$ cat data_38.csv   # CSV, C-alpha atoms
chain,number,residue,atom,x,y,z
A,124,MET,CA,348.8,212.6,-2.5
A,125,THR,CA,350.7,209.5,-1.6
A,126,HIS,CA,350.5,208.1,1.9
A,127,ALA,CA,352.8,205.6,3.6
A,128,SER,CA,349.8,203.2,3.7
A,129,ASP,CA,350.2,202.9,-0.1
A,130,SER,CA,353.7,201.4,0.3
A,131,SER,CA,354.3,198.0,-1.1
A,132,SER,CA,357.5,197.6,1.0
A,133,ARG,CA,355.9,196.3,4.2
A,134,ALA,CA,357.9,193.5,5.8
A,135,THR,CA,355.0,191.2,6.6
A,136,SER,CA,357.0,189.0,9.0
A,137,ALA,CA,357.8,192.0,11.3
A,138,THR,CA,355.7,194.4,13.2
A,139,SER,CA,357.9,197.3,12.3
A,140,TRP,CA,360.5,197.8,9.5
A,141,ALA,CA,362.9,200.4,8.2
A,142,GLU,CA,362.8,201.4,4.6
A,143,ILE,CA,366.2,202.4,3.1
A,144,ASP,CA,365.7,204.7,0.1
A,145,LEU,CA,368.7,203.9,-2.2
A,146,GLN,CA,367.7,206.7,-4.6
A,147,ALA,CA,368.0,209.2,-1.8
A,148,LEU,CA,371.4,207.7,-0.8
A,149,ARG,CA,372.7,208.1,-4.3
A,150,HIS,CA,371.5,211.7,-4.4
A,151,ASN,CA,373.3,212.4,-1.1
A,152,VAL,CA,376.5,211.0,-2.5
A,153,GLU,CA,376.2,213.4,-5.5
A,154,VAL,CA,375.6,216.4,-3.2
A,155,LEU,CA,378.7,215.5,-1.1
A,156,ARG,CA,380.8,214.9,-4.2
A,157,GLY,CA,379.8,218.2,-5.6
A,158,GLN,CA,380.6,220.0,-2.4
A,159,ALA,CA,383.9,218.2,-1.7
A,160,HIS,CA,385.2,218.4,-5.3
A,161,PRO,CA,388.0,217.7,-6.1
A,162,ALA,CA,388.2,215.6,-3.0
A,163,ALA,CA,386.8,212.1,-3.1
A,164,VAL,CA,384.0,210.8,-0.8
A,165,ALA,CA,384.6,208.0,1.6
A,166,ALA,CA,381.3,206.5,2.9
A,167,VAL,CA,381.3,205.9,6.7
A,168,VAL,CA,379.4,202.7,7.2
A,169,LYS,CA,380.4,201.9,10.8
A,170,ALA,CA,377.7,200.7,13.3
A,171,ASP,CA,375.9,198.9,10.4
A,172,ALA,CA,375.9,202.1,8.4
A,173,TYR,CA,374.4,204.1,11.2
A,174,GLY,CA,371.6,201.5,11.5
A,175,HIS,CA,370.8,201.6,7.8
A,176,GLY,CA,372.5,198.3,6.8
A,177,ALA,CA,376.2,198.3,6.0
A,178,VAL,CA,376.4,196.0,3.0
A,179,THR,CA,373.4,197.6,1.2
A,180,VAL,CA,374.6,201.2,1.9
A,181,ALA,CA,378.2,200.5,1.1
A,182,SER,CA,377.3,198.9,-2.3
A,183,ALA,CA,375.0,201.7,-3.2
A,184,ALA,CA,377.4,204.5,-2.1
A,185,LEU,CA,380.2,203.0,-4.1
A,186,ASP,CA,377.9,202.6,-7.2
A,187,ALA,CA,377.1,206.3,-6.8
A,188,GLY,CA,380.7,207.4,-6.8
A,189,ALA,CA,382.1,207.0,-3.3
A,190,THR,CA,385.6,205.7,-3.7
A,191,SER,CA,386.2,204.1,-0.3
A,192,LEU,CA,384.6,203.0,3.0
A,193,CYS,CA,385.3,203.7,6.7
A,194,VAL,CA,384.3,201.4,9.6
A,195,PHE,CA,385.3,201.3,13.2
A,196,THR,CA,386.0,197.7,13.9
A,197,VAL,CA,387.8,194.9,12.0
A,198,PRO,CA,384.7,192.6,12.1
A,199,GLU,CA,382.8,195.4,10.3
A,200,ALA,CA,385.4,195.5,7.6
A,201,ILE,CA,385.4,191.7,7.3
A,202,GLN,CA,381.6,191.7,6.8
A,203,LEU,CA,382.0,194.0,3.8
A,204,ARG,CA,384.8,191.9,2.3
A,205,GLN,CA,382.8,188.7,2.8
A,206,ALA,CA,379.9,190.3,1.0
A,207,GLY,CA,382.2,190.8,-2.1
A,208,ILE,CA,383.1,194.5,-1.6
A,209,ASP,CA,386.7,195.0,-2.8
A,210,ALA,CA,386.9,198.8,-2.4
A,211,PRO,CA,389.5,200.3,0.0
A,212,ILE,CA,388.3,200.1,3.6
A,213,LEU,CA,389.8,202.0,6.5
A,214,CYS,CA,389.2,200.6,10.0
A,215,MET,CA,389.3,203.8,12.2
A,216,GLY,CA,389.1,202.1,15.6
A,217,PRO,CA,391.9,200.6,17.6
A,218,VAL,CA,393.7,197.5,16.4
A,219,LEU,CA,392.8,194.9,19.0
A,220,ALA,CA,394.9,191.8,20.0
A,221,ASP,CA,393.3,189.4,17.5
A,222,ASP,CA,393.0,191.9,14.6
A,223,PRO,CA,396.4,191.9,12.8
A,224,GLU,CA,396.0,188.6,11.0
A,225,SER,CA,392.5,189.6,9.7
A,226,VAL,CA,393.8,193.1,8.8
A,227,ALA,CA,396.4,191.4,6.5
A,228,ARG,CA,394.1,188.7,5.2
A,229,PHE,CA,391.3,191.0,4.2
A,230,ASP,CA,393.4,194.0,3.0
A,231,ILE,CA,392.1,196.5,5.6
A,232,ALA,CA,393.8,199.8,6.2
A,233,ALA,CA,394.5,200.1,9.9
A,234,VAL,CA,395.1,203.1,12.2
A,235,VAL,CA,398.3,202.7,14.2
A,236,GLU,CA,398.5,204.5,17.6
A,237,SER,CA,401.7,203.0,19.0
A,238,ALA,CA,405.0,201.3,18.2
A,239,ALA,CA,403.6,198.1,19.7
A,240,THR,CA,400.7,198.1,17.3
A,241,ALA,CA,403.1,198.8,14.4
A,242,ASN,CA,405.2,195.8,15.4
A,243,ARG,CA,402.1,193.5,15.6
A,244,LEU,CA,400.9,194.6,12.2
A,245,ALA,CA,404.3,194.3,10.6
A,246,LYS,CA,404.6,190.7,11.8
A,247,ALA,CA,401.1,189.9,10.4
A,248,GLY,CA,402.1,191.5,7.1
A,249,GLU,CA,405.3,189.5,6.9
A,250,ALA,CA,403.4,186.2,7.7
A,251,ALA,CA,400.9,187.0,4.9
A,252,ALA,CA,403.6,188.3,2.5
A,253,ARG,CA,401.4,191.4,2.1
A,254,ALA,CA,402.3,195.0,3.0
A,255,ILE,CA,399.7,196.4,5.4
A,256,ARG,CA,398.4,199.9,4.7
A,257,VAL,CA,398.4,202.0,7.9
A,258,GLN,CA,397.3,205.5,8.8
A,259,ILE,CA,398.1,207.9,11.7
A,260,ASN,CA,395.4,209.9,13.5
A,261,VAL,CA,396.6,213.2,14.8
A,262,ASP,CA,394.6,214.8,17.6
A,263,SER,CA,392.9,218.1,17.0
A,264,GLY,CA,391.1,218.5,20.3
A,265,MET,CA,388.9,215.4,20.5
A,266,GLN,CA,391.2,213.8,23.2
A,267,ARG,CA,390.1,210.5,21.9
A,268,TYR,CA,392.2,208.2,19.7
A,269,GLY,CA,394.4,210.8,17.9
A,270,LEU,CA,398.0,211.2,18.9
A,271,PRO,CA,399.7,214.4,20.1
A,272,HIS,CA,401.6,216.0,17.2
A,273,GLU,CA,405.1,215.1,18.3
A,274,GLU,CA,404.1,211.5,19.0
A,275,ALA,CA,402.6,211.3,15.6
A,276,LEU,CA,405.9,212.4,14.1
A,277,ASP,CA,407.9,209.8,16.1
A,278,LEU,CA,405.4,207.0,15.1
A,279,ALA,CA,405.7,207.9,11.4
A,280,ALA,CA,409.4,207.2,11.7
A,281,THR,CA,408.7,203.9,13.4
A,282,ILE,CA,406.3,202.8,10.7
A,283,ARG,CA,408.8,203.6,8.0
A,284,SER,CA,411.3,201.3,9.6
A,285,HIS,CA,409.1,198.3,9.0
A,286,GLU,CA,409.3,196.6,5.6
A,287,TRP,CA,405.8,195.3,5.7
A,288,LEU,CA,404.0,198.5,6.6
A,289,GLU,CA,403.0,201.2,4.1
A,290,LEU,CA,402.2,204.6,5.6
A,291,GLU,CA,399.4,205.7,3.3
A,292,ALA,CA,397.7,208.5,5.1
A,293,VAL,CA,397.6,210.9,8.0
A,294,PHE,CA,394.3,212.3,9.2
A,295,THR,CA,392.5,214.2,12.0
A,296,HIS,CA,389.0,214.8,13.3
A,297,PHE,CA,387.5,218.2,14.4
A,298,PRO,CA,385.4,218.4,17.6
A,299,GLU,CA,383.8,221.7,16.7
A,300,ALA,CA,383.5,221.7,12.9
A,301,GLY,CA,379.7,222.3,13.1
A,302,ASN,CA,380.1,225.5,15.1
A,303,ALA,CA,379.3,228.9,13.7
A,304,ASP,CA,382.6,230.2,15.0
A,305,ARG,CA,385.1,228.5,12.6
A,306,ARG,CA,388.2,229.9,14.2
A,307,PRO,CA,389.0,227.0,16.5
A,308,SER,CA,388.7,224.5,13.7
A,309,LEU,CA,390.7,226.5,11.3
A,310,HIS,CA,393.5,226.8,13.9
A,311,ALA,CA,393.4,223.1,14.5
A,312,PHE,CA,393.4,222.5,10.7
A,313,ARG,CA,396.4,224.7,10.1
A,314,ARG,CA,398.3,223.0,12.9
A,315,PHE,CA,397.4,219.6,11.5
A,316,GLN,CA,398.6,220.6,8.0
A,317,ARG,CA,402.0,221.6,9.5
A,318,THR,CA,402.4,218.2,11.1
A,319,ALA,CA,401.2,216.4,8.0
A,320,ASP,CA,403.8,218.3,6.0
A,321,ARG,CA,406.5,216.8,8.2
A,322,ILE,CA,405.0,213.3,8.2
A,323,ARG,CA,404.8,213.3,4.4
A,324,ALA,CA,402.1,210.6,3.9
A,325,PRO,CA,400.7,210.3,0.4
A,326,ILE,CA,397.1,211.1,1.5
A,327,ARG,CA,395.6,213.5,4.0
A,328,HIS,CA,392.0,213.6,5.2
A,329,ALA,CA,390.3,215.7,7.9
A,330,ALA,CA,386.7,216.6,7.0
A,331,ALA,CA,383.7,214.6,8.3
A,332,SER,CA,380.1,215.6,7.5
A,333,ALA,CA,380.0,219.0,9.3
A,334,ALA,CA,383.3,220.1,8.0
A,335,VAL,CA,382.3,219.2,4.4
A,336,PHE,CA,379.8,222.1,4.5
A,337,ASN,CA,381.3,224.4,7.2
A,338,LEU,CA,385.0,223.9,6.7
A,339,PRO,CA,385.5,223.1,3.0
A,340,GLU,CA,389.2,224.0,3.2
A,341,ALA,CA,389.7,220.8,5.0
A,342,SER,CA,388.4,218.5,2.3
A,343,LEU,CA,391.9,217.5,1.2
A,344,GLY,CA,392.3,214.0,-0.3
A,345,PHE,CA,388.8,212.7,0.6
A,346,VAL,CA,386.0,213.5,3.0
A,347,ARG,CA,384.5,211.1,5.4
A,348,ALA,CA,380.7,211.2,4.9
A,349,GLY,CA,378.8,209.9,7.8
A,350,ILE,CA,375.5,211.5,9.0
A,351,ALA,CA,375.2,213.6,5.8
A,352,LEU,CA,375.3,210.4,3.7
A,353,TYR,CA,372.1,209.4,5.5
A,354,GLY,CA,370.4,212.7,4.8
A,355,ALA,CA,370.6,214.4,8.1
A,356,ASP,CA,372.0,217.9,8.2
A,357,PRO,CA,375.1,217.7,10.4
A,358,ALA,CA,374.8,221.3,11.7
A,359,PRO,CA,371.2,222.5,11.1
A,360,ASP,CA,371.8,225.6,13.1
A,361,LEU,CA,374.1,226.9,10.4
A,362,ALA,CA,371.3,226.5,7.8
A,363,SER,CA,373.6,225.6,5.0
A,364,PRO,CA,371.7,225.7,1.7
A,365,LEU,CA,373.8,222.8,0.3
A,366,ALA,CA,373.2,220.6,3.4
A,367,ALA,CA,369.5,221.4,2.9
A,368,GLU,CA,369.7,219.5,-0.4
A,369,LEU,CA,370.3,216.2,1.5
A,370,GLN,CA,367.4,213.7,1.5
A,371,PRO,CA,366.5,211.4,4.4
A,372,VAL,CA,367.4,207.8,3.5
A,373,LEU,CA,365.7,205.9,6.4
A,374,SER,CA,361.9,205.7,7.1
A,375,TRP,CA,360.7,203.7,10.0
A,376,ARG,CA,357.2,202.3,9.9
A,377,THR,CA,354.8,199.9,11.7
A,378,THR,CA,351.2,199.0,11.4
A,379,LEU,CA,348.0,199.4,13.3
A,380,LEU,CA,347.4,196.1,15.0
A,381,ALA,CA,344.3,197.0,16.9
A,382,ILE,CA,341.9,199.9,17.7
A,383,ARG,CA,340.4,200.3,21.1
A,384,GLN,CA,337.5,202.5,22.2
A,385,VAL,CA,338.6,204.2,25.5
A,386,ALA,CA,336.0,206.0,27.6
A,387,ARG,CA,336.7,209.4,29.2
A,388,GLY,CA,338.4,208.8,32.5
A,389,GLU,CA,340.1,205.6,31.5
A,390,SER,CA,343.9,205.2,31.4
A,391,VAL,CA,346.1,203.8,28.7
A,392,SER,CA,349.1,201.5,29.2
A,393,TYR,CA,351.3,200.9,32.3
A,394,GLY,CA,351.3,203.2,35.3
A,395,GLY,CA,348.3,205.4,34.2
A,396,LEU,CA,350.6,208.0,32.6
A,397,TRP,CA,347.8,209.2,30.4
A,398,THR,CA,344.1,209.3,31.1
A,399,ALA,CA,341.5,210.1,28.4
A,400,ASP,CA,339.8,213.5,28.9
A,401,ARG,CA,337.2,212.5,26.3
A,402,ASP,CA,335.9,209.3,24.7
A,403,SER,CA,338.9,208.3,22.5
A,404,ARG,CA,339.9,206.0,19.8
A,405,ILE,CA,343.3,204.5,20.6
A,406,GLY,CA,345.4,202.6,18.1
A,407,VAL,CA,347.8,199.8,19.1
A,408,THR,CA,351.0,199.8,17.0
A,409,GLY,CA,353.6,197.1,16.6
A,410,VAL,CA,356.6,199.1,17.8
A,411,GLY,CA,358.1,199.5,21.3
A,412,TYR,CA,361.3,200.2,23.2
A,413,ALA,CA,362.7,196.8,22.3
A,414,ASP,CA,362.7,198.0,18.7
A,415,GLY,CA,364.4,201.3,19.6
A,416,LEU,CA,361.4,203.6,20.2
A,417,ALA,CA,362.6,205.6,23.2
A,418,ARG,CA,360.3,205.1,26.2
A,419,ARG,CA,360.9,208.8,27.0
A,420,LEU,CA,358.5,209.6,24.1
A,421,SER,CA,355.7,208.2,26.1
A,422,SER,CA,352.7,210.5,26.1
A,423,HIS,CA,354.5,213.3,24.1
A,424,GLY,CA,355.8,211.8,20.9
A,425,HIS,CA,353.8,211.5,17.6
A,426,MET,CA,353.4,209.1,14.7
A,427,LEU,CA,351.8,209.7,11.3
A,428,VAL,CA,348.7,207.9,10.1
A,429,ARG,CA,347.2,208.7,6.7
A,430,GLY,CA,349.3,211.8,6.6
A,431,ARG,CA,348.2,213.1,10.0
A,432,ARG,CA,349.8,213.3,13.4
A,433,ALA,CA,348.7,210.9,16.0
A,434,PRO,CA,349.9,211.6,19.6
A,435,ILE,CA,351.5,208.7,21.5
A,436,ARG,CA,349.3,208.0,24.5
A,437,GLY,CA,350.5,206.3,27.7
A,438,ALA,CA,353.7,204.4,28.4
A,439,ILE,CA,355.5,202.9,25.4
A,440,CYS,CA,355.7,199.1,26.0
A,441,MET,CA,358.5,196.7,25.0
A,442,ASP,CA,356.7,195.6,21.8
A,443,SER,CA,354.0,198.2,21.2
A,444,ALA,CA,352.9,201.8,21.6
A,445,MET,CA,349.5,203.3,21.6
A,446,ILE,CA,348.5,206.4,19.6
A,447,ASP,CA,345.4,208.6,19.6
A,448,LEU,CA,343.3,208.2,16.5
A,449,THR,CA,340.3,210.2,17.7
A,450,GLU,CA,341.0,212.9,15.1
A,451,ILE,CA,341.7,210.3,12.4
A,452,PRO,CA,338.4,208.4,12.2
A,453,GLU,CA,339.2,206.9,8.8
A,454,ALA,CA,342.1,204.9,10.2
A,455,VAL,CA,341.6,201.2,10.2
A,456,VAL,CA,343.5,198.1,11.5
A,457,GLY,CA,346.3,197.3,9.0
A,458,ASP,CA,347.1,200.9,8.2
A,459,VAL,CA,350.8,201.7,7.9
A,460,VAL,CA,352.0,204.0,10.7
A,461,THR,CA,355.1,206.2,10.2
A,462,ILE,CA,357.4,206.6,13.2
A,463,LEU,CA,360.2,208.3,11.3
A,464,GLY,CA,359.8,209.6,7.8
A,465,ALA,CA,357.2,211.2,5.5
A,466,ASP,CA,353.6,210.4,5.0
A,467,GLY,CA,351.6,212.6,2.6
A,468,THR,CA,352.6,216.3,3.2
A,469,ASP,CA,353.8,215.8,6.8
A,470,SER,CA,357.0,214.2,8.1
A,471,ILE,CA,358.8,213.4,11.3
A,472,GLY,CA,362.6,213.8,10.9
A,473,ALA,CA,365.5,212.4,12.9
A,474,TRP,CA,366.2,215.9,14.2
A,475,ASP,CA,362.6,216.2,15.3
A,476,ILE,CA,362.8,213.1,17.5
A,477,ALA,CA,366.3,213.9,18.6
A,478,GLY,CA,365.1,217.3,19.8
A,479,GLN,CA,362.4,215.7,21.9
A,480,LEU,CA,364.9,213.4,23.5
A,481,ASP,CA,367.8,215.9,23.9
A,482,THR,CA,370.1,213.9,21.7
A,483,ILE,CA,371.3,213.8,18.1
A,484,PRO,CA,370.1,211.9,14.9
A,485,TYR,CA,373.1,209.5,15.2
A,486,GLU,CA,371.6,208.0,18.4
A,487,ILE,CA,368.1,207.8,16.8
A,488,PHE,CA,369.4,205.9,13.7
A,489,THR,CA,371.8,203.5,15.5
A,490,GLY,CA,369.2,202.9,18.3
A,491,ILE,CA,366.8,201.1,15.9
A,492,ALA,CA,367.1,197.5,17.0
A,493,ALA,CA,368.5,194.7,14.9
A,494,ARG,CA,365.2,192.9,15.0
A,495,VAL,CA,363.7,195.7,12.8
A,496,PRO,CA,364.3,194.5,9.2
A,497,ARG,CA,365.9,197.0,6.8
A,498,VAL,CA,364.1,196.9,3.5
A,499,ALA,CA,365.9,198.4,0.5
A,500,ILE,CA,363.7,200.6,-1.7
A,501,ASP,CA,364.9,201.7,-5.1
A,502,GLU,CA,362.4,203.6,-7.1
A,503,SER,CA,364.9,203.9,-10.0
A,504,ASP,CA,364.5,200.2,-10.8
$ encode --input "data_38.csv" --output "structure tokens"
Amino acid sequence: MTHASDSSSRATSATSWAEIDLQALRHNVEVLRGQAHPAAVAAVVKADAYGHGAVTVASAALDAGATSLCVFTVPEAIQLRQAGIDAPILCMGPVLADDPESVARFDIAAVVESAATANRLAKAGEAAARAIRVQINVDSGMQRYGLPHEEALDLAATIRSHEWLELEAVFTHFPEAGNADRRPSLHAFRRFQRTADRIRAPIRHAAASAAVFNLPEASLGFVRAGIALYGADPAPDLASPLAAELQPVLSWRTTLLAIRQVARGESVSYGGLWTADRDSRIGVTGVGYADGLARRLSSHGHMLVRGRRAPIRGAICMDSAMIDLTEIPEAVVGDVVTILGADGTDSIGAWDIAGQLDTIPYEIFTGIAARVPRVAIDESD
């Protein structure tokens, strides 16, 4: 049996670190490619690849067969370009005032939401002597950035009037693709298809992670793989056997920095939130809410030590959290502690923590602070 304490990936200059399993990432790309075929896979690496590290994830995903990348902001796309990544990149967020020049310079596909944005991008394309690739987002009920259908048709005509704009795609995003009742999403998809037929862009895309498994009809030109790329089932209530093949990519670990003997009746950490009802052995770990460990897990979350669950005791601090080692007498200072991930035969998944916090894995991953190093692990090397 292998425990996290056997890992050689510990980042010695940090008190907690996130291990990024590139072999698992490549496996997930293969699962997604198989499910989406013949559609291609675009890796969604916005928000620093959901907290996994954008450049590392983008490179590995492309090597595994993803054909393009999606981000939300132009600076996210620039980071990838400056790292030497030359694959197609779609910036799915709004084009801000200072963005058009960079969009042209770094060959970024942009989403156009108005005639004014089309004009600004066309001027930047003319100045750079480069046609800018643009896409139109059609609303399917998100009420977010997508355009109403008739406005999308009008905007397509405006885009085609500009010499320096190339309308390459039309797309949408479903708000209910992970629901057991597929009818609302199918209705939205059919309406999108009718509008796309009239817009006549070369590429269409509609499916994000949940739709890849629950609405395969919507795979179209390519699918936008976000949370599934990182190994979290986008709709666990549906119990898709294919989504069950996904493997977690990120494991978050820390170390035991100290062990305290706490007598029965003594409290642990701020505010006396937990008082020992027996003589206890309390471990001090090097992770806290400044690292992204939610303070709401105080006194009811768990971590793994030597393959066994250690309850969090007392209030989580900014830089540390205390765990109960009374039932793990073999634990010693320096042991690796798993916050998120597997250790031995037990594991704590992103959905497990999300369930305790009444949230979703997206927030768990992206909430891990930048000061936590991301350490790439590739067991295939």
$ closest_residue --input "data_38.csv" --among "A:Ile483, A:Ala367, A:Val372, A:Ile208" --to "A:Gly354" --atoms "all atoms listed in the file"
A:Val372
$ closest_residue --input "data_38.csv" --among "A:Pro357, A:Gly437, A:Gly349, A:Gly248" --to "A:Phe336" --atoms "only C-alpha atoms"
A:Pro357
$ closest_residue --input "data_38.csv" --among "A:Ser284, A:Thr449, A:Asn337, A:Thr468" --to "A:Gly430" --atoms "all atoms listed in the file"
A:Thr468
$ atom_distance --input "data_38.csv" --atom1 "atom CA of A:Val218" --atom2 "atom CA of A:Pro198"
11.1 Å
$ residues_near_point --input "data_38.csv" --point "(402.0, 216.7, 15.4)" --cutoff "9 Å" --atoms "all atoms listed in the file" --output "list in words"
Val261, Asp262, Leu270, Pro271, His272, Glu273, Glu274, Ala275, Leu276, Arg314, Phe315, Arg317, Thr318, Ala319, Arg321 and Ile322 of chain A
$ write_last_selection --input "data_38.csv" --atoms "C-alpha atoms" --output "mmCIF file, keeping the file's coordinate frame"
data_model
loop_
_atom_site.group_PDB
_atom_site.id
_atom_site.type_symbol
_atom_site.label_atom_id
_atom_site.label_comp_id
_atom_site.auth_asym_id
_atom_site.auth_seq_id
_atom_site.Cartn_x
_atom_site.Cartn_y
_atom_site.Cartn_z
ATOM 1 C CA VAL A 261 396.600 213.200 14.800
ATOM 2 C CA ASP A 262 394.600 214.800 17.600
ATOM 3 C CA LEU A 270 398.000 211.200 18.900
ATOM 4 C CA PRO A 271 399.700 214.400 20.100
ATOM 5 C CA HIS A 272 401.600 216.000 17.200
ATOM 6 C CA GLU A 273 405.100 215.100 18.300
ATOM 7 C CA GLU A 274 404.100 211.500 19.000
ATOM 8 C CA ALA A 275 402.600 211.300 15.600
ATOM 9 C CA LEU A 276 405.900 212.400 14.100
ATOM 10 C CA ARG A 314 398.300 223.000 12.900
ATOM 11 C CA PHE A 315 397.400 219.600 11.500
ATOM 12 C CA ARG A 317 402.000 221.600 9.500
ATOM 13 C CA THR A 318 402.400 218.200 11.100
ATOM 14 C CA ALA A 319 401.200 216.400 8.000
ATOM 15 C CA ARG A 321 406.500 216.800 8.200
ATOM 16 C CA ILE A 322 405.000 213.300 8.200
#
$ closest_residue --input "data_38.csv" --among "A:Glu286, A:Glu142, A:Asp356, A:Glu153" --to "A:Ile462" --atoms "only C-alpha atoms"
A:Glu142
$ residues_near_point --input "data_38.csv" --point "(372.6, 230.7, 8.5)" --cutoff "12 Å" --atoms "only C-alpha atoms" --output "list in words"
Gly301, Asn302, Ala303, Asp304, Phe336, Asn337, Ala358, Pro359, Asp360, Leu361, Ala362, Ser363, Pro364, Leu365, Ala366 and Ala367 of chain A
$ closest_residue --input "data_38.csv" --among "A:Ala233, A:Asp402, A:Arg204, A:Thr138" --to "A:Glu291" --atoms "all atoms listed in the file"
A:Ala233
$ closest_residue --input "data_38.csv" --among "A:Ala172, A:Val197, A:Ile326, A:Ala280" --to "A:Gln258" --atoms "all atoms listed in the file"
A:Ile326
$ residues_around --input "data_38.csv" --residues "A:Val178" --least-positions-apart "3" --cutoff "8 Å" --atoms "all atoms listed in the file" --output "PyMOL selection string"
chain A and resi 171+181-182+202-203+206
$ residues_around --input "data_38.csv" --residues "A:Gly490" --least-positions-apart "6" --cutoff "9 Å" --atoms "only C-alpha atoms" --output "PyMOL selection string"
chain A and resi 173-174+414-417
$ residues_around --input "data_38.csv" --residues "A:Cys193" --least-positions-apart "2" --cutoff "10 Å" --atoms "all atoms listed in the file" --output "ChimeraX atom specification"
/A:165-169,172,181,191,195-196,199-200,211-216,231-232,347-349
$ atom_distance --input "data_38.csv" --atom1 "atom CA of A:Asp442" --atom2 "atom CA of A:Gln370"
29.2 Å
$ atom_distance --input "data_38.csv" --atom1 "atom CA of A:Val456" --atom2 "atom CA of A:Asp144"
25.8 Å
$ residues_around --input "data_38.csv" --residues "stretch 491-503 of chain A" --least-positions-apart "6" --cutoff "10 Å" --atoms "only C-alpha atoms" --output "PyMOL selection string"
chain A and resi 131-134+136-148+171+173-176+179-180+372-377+410+412-417
$ residues_around --input "data_38.csv" --residues "A:Leu155" --least-positions-apart "4" --cutoff "8 Å" --atoms "only C-alpha atoms" --output "list in words"
Asn151, Ala159, Val164, Val335, Ala348, Ala351 and Leu352 of chain A
$ closest_atom_pairs --input "data_38.csv" --of "stretch 450-476 of chain A" --to "stretch 383-392 of chain A" --cutoff "12 Å" --atoms "all atoms listed in the file" --output "Markdown table"
| residue | atom | partner | partner_atom | distance |
| --- | --- | --- | --- | --- |
| A:Pro452 | CA | A:Gln384 | CA | 11.6 |
| A:Ala454 | CA | A:Arg383 | CA | 12.0 |
| A:Val455 | CA | A:Arg383 | CA | 11.0 |
| A:Val456 | CA | A:Arg383 | CA | 10.3 |
$ write_last_selection --input "data_38.csv" --atoms "C-alpha atoms" --output "short mmCIF file (atom, residue, chain, number, x, y, z; two decimals), in the coordinates of the input"
data_model
loop_
_atom_site.label_atom_id
_atom_site.label_comp_id
_atom_site.auth_asym_id
_atom_site.auth_seq_id
_atom_site.Cartn_x
_atom_site.Cartn_y
_atom_site.Cartn_z
CA PRO A 452 338.40 208.40 12.20
CA ALA A 454 342.10 204.90 10.20
CA VAL A 455 341.60 201.20 10.20
CA VAL A 456 343.50 198.10 11.50
#
$ decode --input "data_38.csv" --residues "stretch 220-229 of chain A" --atoms "N, CA, C and O atoms" --output "PDB file, in the first residue's frame"
ATOM      1  N   ALA A 220     -11.577  47.442 -23.246  1.00  0.00           N
ATOM      2  CA  ALA A 220     -11.114  48.598 -24.012  1.00  0.00           C
ATOM      3  C   ALA A 220      -9.686  48.443 -24.523  1.00  0.00           C
ATOM      4  O   ALA A 220      -9.368  48.853 -25.645  1.00  0.00           O
ATOM      5  N   ASP A 221      -8.808  47.868 -23.705  1.00  0.00           N
ATOM      6  CA  ASP A 221      -7.400  47.768 -24.089  1.00  0.00           C
ATOM      7  C   ASP A 221      -7.057  46.462 -24.800  1.00  0.00           C
ATOM      8  O   ASP A 221      -5.882  46.204 -25.083  1.00  0.00           O
ATOM      9  N   ASP A 222      -8.047  45.633 -25.100  1.00  0.00           N
ATOM     10  CA  ASP A 222      -7.780  44.286 -25.625  1.00  0.00           C
ATOM     11  C   ASP A 222      -7.538  44.173 -27.128  1.00  0.00           C
ATOM     12  O   ASP A 222      -6.784  43.296 -27.563  1.00  0.00           O
ATOM     13  N   PRO A 223      -8.172  44.971 -27.994  1.00  0.00           N
ATOM     14  CA  PRO A 223      -8.085  44.685 -29.430  1.00  0.00           C
ATOM     15  C   PRO A 223      -6.669  44.565 -29.985  1.00  0.00           C
ATOM     16  O   PRO A 223      -6.392  43.670 -30.796  1.00  0.00           O
ATOM     17  N   GLU A 224      -5.756  45.450 -29.577  1.00  0.00           N
ATOM     18  CA  GLU A 224      -4.382  45.373 -30.094  1.00  0.00           C
ATOM     19  C   GLU A 224      -3.738  44.035 -29.740  1.00  0.00           C
ATOM     20  O   GLU A 224      -3.076  43.408 -30.579  1.00  0.00           O
ATOM     21  N   SER A 225      -3.940  43.588 -28.501  1.00  0.00           N
ATOM     22  CA  SER A 225      -3.366  42.300 -28.087  1.00  0.00           C
ATOM     23  C   SER A 225      -4.041  41.139 -28.792  1.00  0.00           C
ATOM     24  O   SER A 225      -3.386  40.139 -29.122  1.00  0.00           O
ATOM     25  N   VAL A 226      -5.346  41.234 -29.013  1.00  0.00           N
ATOM     26  CA  VAL A 226      -6.059  40.190 -29.743  1.00  0.00           C
ATOM     27  C   VAL A 226      -5.429  39.996 -31.117  1.00  0.00           C
ATOM     28  O   VAL A 226      -5.205  38.867 -31.569  1.00  0.00           O
ATOM     29  N   ALA A 227      -5.133  41.107 -31.783  1.00  0.00           N
ATOM     30  CA  ALA A 227      -4.509  41.028 -33.110  1.00  0.00           C
ATOM     31  C   ALA A 227      -3.069  40.539 -33.024  1.00  0.00           C
ATOM     32  O   ALA A 227      -2.648  39.648 -33.765  1.00  0.00           O
ATOM     33  N   ARG A 228      -2.315  41.099 -32.111  1.00  0.00           N
ATOM     34  CA  ARG A 228      -0.892  40.773 -32.010  1.00  0.00           C
ATOM     35  C   ARG A 228      -0.645  39.313 -31.675  1.00  0.00           C
ATOM     36  O   ARG A 228       0.264  38.676 -32.233  1.00  0.00           O
ATOM     37  N   PHE A 229      -1.460  38.746 -30.770  1.00  0.00           N
ATOM     38  CA  PHE A 229      -1.213  37.383 -30.298  1.00  0.00           C
ATOM     39  C   PHE A 229      -2.126  36.348 -30.950  1.00  0.00           C
ATOM     40  O   PHE A 229      -2.147  35.199 -30.515  1.00  0.00           O
TER      41      PHE A 229
END
